[in-house]
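Peer 1: This is the structure I have questions about; it appears just below.
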Amino acid sequence: MTDATMPATSLSMLLDGLIDYAGLYPPASLPMADMVADWARGLRSEHDWMLGRLIVPVSGLDEFESEASALLPVDPDEDPWVLSALMSSGDDIPLEAQINRILKFNDAHCSDGHGDAVIDVVELRVSSPRAIESSLDLLPEELFPFFELDLDNDIRGLLASIVGSDAGAKIRTGGIRPDLYPDADSLADFIIQCARADVPFKATAGLHHPLRNHNDSIDAMQFGFLNVFLAALLASDEDATPDRLRSLLTRGDLTGIEFRSDGVAIDGEQYGLDEIEDVRIAFALSFGSCSFDEPVEDLIALGLLPH
């Protein structure tokens, strides 16, 4: 990769491995074959450093193996494709059976740290602290779980069940209906609560664009991924307030935001590279998007990524 393809150091650090590709899901809803071809294309692109994991449901692993077999790395020294497996409710398929399927996949595709693909993250929706605790009891230590929390309910008890475990929270930031988009107050509160509880998080849906924008197809205001992950940077400050996060989450342009070689300035306050790195490694981990092209194209249009 050449310097001509890289943004300011602070922005590249913020974006590094940020996008989990979820091309199977709406609104893209790609067939498995197209999705794995897009992932392979993304990994060959000059912006591959922005990609994190490929999201595949456990129920789709058989089809994934069939469609991806000709595209997976064959050199044992080449990095494997890294996947996050979306687990269904234990009411549909027992969690034990889904975990066994994941471990079988890893046994077939990855050996002694080498191989063509590996699942190291799982994502599942929960509705109670007991569901979190029972899932943690079942999951092997090599699988890091994200528990999707419902912001319509008080999440403090759910977060308390995650505290101290090797796990994270997942927030839905959009979807195919307006009611799936949280308001700025709820999102700000979620980020601050995760920061105070020292629980890492990921976001999913509705974050195709860098900044706050209107989704004309479903008539909803949606957040941008820069809004969300810069808000996480603010929340890492113990003096952060919901009002300050809300102001950033609802910003539709780069006013007050400056990415520099030594950090990022937000409304005149400087956050250094070490702070950005700490937040990305240990707190604000990624977001799921059914598009990789849209985030890149928008960042280029904003002048944040070189052509």
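Chains: A, B, ... in order of the structure tokens. Residues: from 1 per chain. Ligands: from 1, in order shown.
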Quick one: residues within 9 Å of range 70-84 of chain A, only C-alpha atoms, excluding same-chain residues fewer than 6 positions away - as a list in words?
Peer 2: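 The filter keeps Asp20, Val36, Ala37, Ala40, Gly52, Arg53, Leu54, Ile55, Val56, Pro57, His109, Cys110, His114, Gly115, Asp116, Ala117, Val118, Ile119, Asp120, Val121, Val122 and Glu123 of chain A.
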Peer 1: Write the residues of the selection above to a file with N, CA and C atoms, as a PDB file, in the first residue's frame.
Peer 2:
ATOM      1  N   ASP A  20     -17.035  -4.455   9.305  1.00  0.00           N
ATOM      2  CA  ASP A  20     -17.374  -5.868   9.161  1.00  0.00           C
ATOM      3  C   ASP A  20     -18.373  -5.975   8.014  1.00  0.00           C
ATOM      4  N   VAL A  36     -19.346 -13.362  -1.234  1.00  0.00           N
ATOM      5  CA  VAL A  36     -17.965 -13.796  -1.050  1.00  0.00           C
ATOM      6  C   VAL A  36     -17.070 -13.226  -2.152  1.00  0.00           C
ATOM      7  N   ALA A  37     -17.618 -13.045  -3.358  1.00  0.00           N
ATOM      8  CA  ALA A  37     -16.837 -12.421  -4.434  1.00  0.00           C
ATOM      9  C   ALA A  37     -16.530 -10.970  -4.092  1.00  0.00           C
ATOM     10  N   ALA A  40     -13.755 -10.906  -1.453  1.00  0.00           N
ATOM     11  CA  ALA A  40     -12.455 -11.159  -2.076  1.00  0.00           C
ATOM     12  C   ALA A  40     -11.961  -9.925  -2.820  1.00  0.00           C
ATOM     13  N   GLY A  52     -12.691  -5.497   8.466  1.00  0.00           N
ATOM     14  CA  GLY A  52     -12.472  -6.298   9.655  1.00  0.00           C
ATOM     15  C   GLY A  52     -12.809  -7.748   9.405  1.00  0.00           C
ATOM     16  N   ARG A  53     -14.061  -8.117   9.646  1.00  0.00           N
ATOM     17  CA  ARG A  53     -14.502  -9.509   9.493  1.00  0.00           C
ATOM     18  C   ARG A  53     -15.639  -9.617   8.486  1.00  0.00           C
ATOM     19  N   LEU A  54     -15.805 -10.825   7.986  1.00  0.00           N
ATOM     20  CA  LEU A  54     -16.920 -11.161   7.109  1.00  0.00           C
ATOM     21  C   LEU A  54     -18.004 -11.810   7.969  1.00  0.00           C
ATOM     22  N   ILE A  55     -19.232 -11.296   7.863  1.00  0.00           N
ATOM     23  CA  ILE A  55     -20.315 -11.796   8.704  1.00  0.00           C
ATOM     24  C   ILE A  55     -21.142 -12.833   7.947  1.00  0.00           C
ATOM     25  N   VAL A  56     -21.217 -14.025   8.534  1.00  0.00           N
ATOM     26  CA  VAL A  56     -21.945 -15.148   7.925  1.00  0.00           C
ATOM     27  C   VAL A  56     -22.775 -15.812   9.015  1.00  0.00           C
ATOM     28  N   PRO A  57     -24.040 -16.119   8.752  1.00  0.00           N
ATOM     29  CA  PRO A  57     -24.829 -16.835   9.765  1.00  0.00           C
ATOM     30  C   PRO A  57     -24.352 -18.268   9.902  1.00  0.00           C
ATOM     31  N   HIS A 109     -10.803 -25.640   8.570  1.00  0.00           N
ATOM     32  CA  HIS A 109     -10.190 -24.556   7.805  1.00  0.00           C
ATOM     33  C   HIS A 109      -8.969 -23.919   8.457  1.00  0.00           C
ATOM     34  N   CYS A 110      -8.727 -24.188   9.691  1.00  0.00           N
ATOM     35  CA  CYS A 110      -7.600 -23.521  10.352  1.00  0.00           C
ATOM     36  C   CYS A 110      -6.910 -24.507  11.279  1.00  0.00           C
ATOM     37  N   HIS A 114      -2.777 -21.422  11.215  1.00  0.00           N
ATOM     38  CA  HIS A 114      -2.676 -21.219   9.774  1.00  0.00           C
ATOM     39  C   HIS A 114      -3.898 -21.827   9.095  1.00  0.00           C
ATOM     40  N   GLY A 115      -4.233 -21.295   7.965  1.00  0.00           N
ATOM     41  CA  GLY A 115      -5.356 -21.859   7.240  1.00  0.00           C
ATOM     42  C   GLY A 115      -6.045 -20.826   6.388  1.00  0.00           C
ATOM     43  N   ASP A 116      -7.165 -21.218   5.812  1.00  0.00           N
ATOM     44  CA  ASP A 116      -7.808 -20.342   4.842  1.00  0.00           C
ATOM     45  C   ASP A 116      -8.956 -19.535   5.421  1.00  0.00           C
ATOM     46  N   ALA A 117      -9.504 -19.929   6.573  1.00  0.00           N
ATOM     47  CA  ALA A 117     -10.600 -19.185   7.184  1.00  0.00           C
ATOM     48  C   ALA A 117     -10.712 -19.564   8.653  1.00  0.00           C
ATOM     49  N   VAL A 118     -11.178 -18.620   9.462  1.00  0.00           N
ATOM     50  CA  VAL A 118     -11.366 -18.889  10.880  1.00  0.00           C
ATOM     51  C   VAL A 118     -12.496 -18.014  11.405  1.00  0.00           C
ATOM     52  N   ILE A 119     -13.321 -18.583  12.260  1.00  0.00           N
ATOM     53  CA  ILE A 119     -14.343 -17.836  12.989  1.00  0.00           C
ATOM     54  C   ILE A 119     -13.817 -17.594  14.398  1.00  0.00           C
ATOM     55  N   ASP A 120     -13.677 -16.331  14.775  1.00  0.00           N
ATOM     56  CA  ASP A 120     -13.207 -16.027  16.127  1.00  0.00           C
ATOM     57  C   ASP A 120     -14.180 -15.138  16.899  1.00  0.00           C
ATOM     58  N   VAL A 121     -15.277 -14.721  16.241  1.00  0.00           N
ATOM     59  CA  VAL A 121     -16.285 -13.867  16.864  1.00  0.00           C
ATOM     60  C   VAL A 121     -17.664 -14.446  16.567  1.00  0.00           C
ATOM     61  N   VAL A 122     -18.557 -14.364  17.536  1.00  0.00           N
ATOM     62  CA  VAL A 122     -19.956 -14.730  17.311  1.00  0.00           C
ATOM     63  C   VAL A 122     -20.838 -13.571  17.767  1.00  0.00           C
ATOM     64  N   GLU A 123     -22.024 -13.486  17.188  1.00  0.00           N
ATOM     65  CA  GLU A 123     -22.981 -12.438  17.528  1.00  0.00           C
ATOM     66  C   GLU A 123     -24.336 -13.078  17.772  1.00  0.00           C
TER      67      GLU A 123
END
Peer 1: For the alpha helix (DSSP H) assignment from backbone DSSP, which residues of range 30-188 of chain A qualify? Please present them as a ChimeraX atom specification.
Peer 2: /A:32-44,61-68,95-109,129-138,156-162,184-188
Peer 1: Grab the CA of Cys290 in chain A to CA of Pro26 in chain A distance for me, in Å with one decimal place.
Peer 2: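 Going from CA of Cys290 in chain A over to CA of Pro26 in chain A, I get 7.0 Å.
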Peer 1: Pick out the closest residue to Val279 in chain A from this set: A:Asp154, A:Asp198, A:Glu258, A:Asp166. Count only C-alpha atoms.
Peer 2: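 Comparing A:Asp154, A:Asp198, A:Glu258, A:Asp166 against Val279 in chain A, the winner is A:Asp198.
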Peer 1: Could I get the residues of range 211-287 of chain A with an atom no further than 12 Å from an atom of range 145-152 of chain A, each paired with its nearest atom pair and that distance in Å to one decimal, using only C-alpha atoms, sorted by chain and residue number, as a Markdown table?
Peer 2:
| residue | atom | partner | partner_atom | distance |
| --- | --- | --- | --- | --- |
| A:Leu285 | CA | A:Phe146 | CA | 10.5 |
| A:Ser286 | CA | A:Phe146 | CA | 11.0 |
| A:Phe287 | CA | A:Phe146 | CA | 11.6 |
Peer 1: Would you save the residues from that selection as a PDB file, in the first residue's frame, using N, CA, C and O atoms?
Peer 2:
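See again37.pdb below for the written result:
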ATOM      1  N   LEU A 285     -15.195  -1.289  18.620  1.00  0.00           N
ATOM      2  CA  LEU A 285     -14.438  -2.271  17.860  1.00  0.00           C
ATOM      3  C   LEU A 285     -14.741  -2.307  16.367  1.00  0.00           C
ATOM      4  O   LEU A 285     -13.830  -2.468  15.568  1.00  0.00           O
ATOM      5  N   SER A 286     -16.010  -2.176  15.960  1.00  0.00           N
ATOM      6  CA  SER A 286     -16.327  -2.298  14.542  1.00  0.00           C
ATOM      7  C   SER A 286     -17.785  -1.945  14.295  1.00  0.00           C
ATOM      8  O   SER A 286     -18.555  -1.743  15.235  1.00  0.00           O
ATOM      9  N   PHE A 287     -18.140  -1.905  13.009  1.00  0.00           N
ATOM     10  CA  PHE A 287     -19.560  -1.814  12.665  1.00  0.00           C
ATOM     11  C   PHE A 287     -19.842  -2.696  11.455  1.00  0.00           C
ATOM     12  O   PHE A 287     -18.992  -2.858  10.577  1.00  0.00           O
TER      13      PHE A 287
END
Peer 1: Using only C-alpha atoms, which residue out of A:His208, A:Asn106, A:His47, A:Leu158 lies closest to Leu61 in chain A?
Peer 2: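 Answer, going by the shortest atom-to-atom distance: A:Asn106.
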Peer 1: Could you tell me, as a PyMOL selection string, which residues of range 29-242 of chain A DSSP assigns to strand (DSSP E or B) when given the backbone?
Peer 2: chain A and resi 51-57+81-86+110-111+114-115+117-125+144-148+168-172+201-204+213-215+220-222
Peer 1: Between A:Leu254, A:Leu43, A:Ala68, A:Leu207, which one has atoms that come closest to Ser291 in chain A, using only C-alpha atoms?
Peer 2: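 Nearest candidate to Ser291 in chain A out of A:Leu254, A:Leu43, A:Ala68, A:Leu207: A:Leu207.
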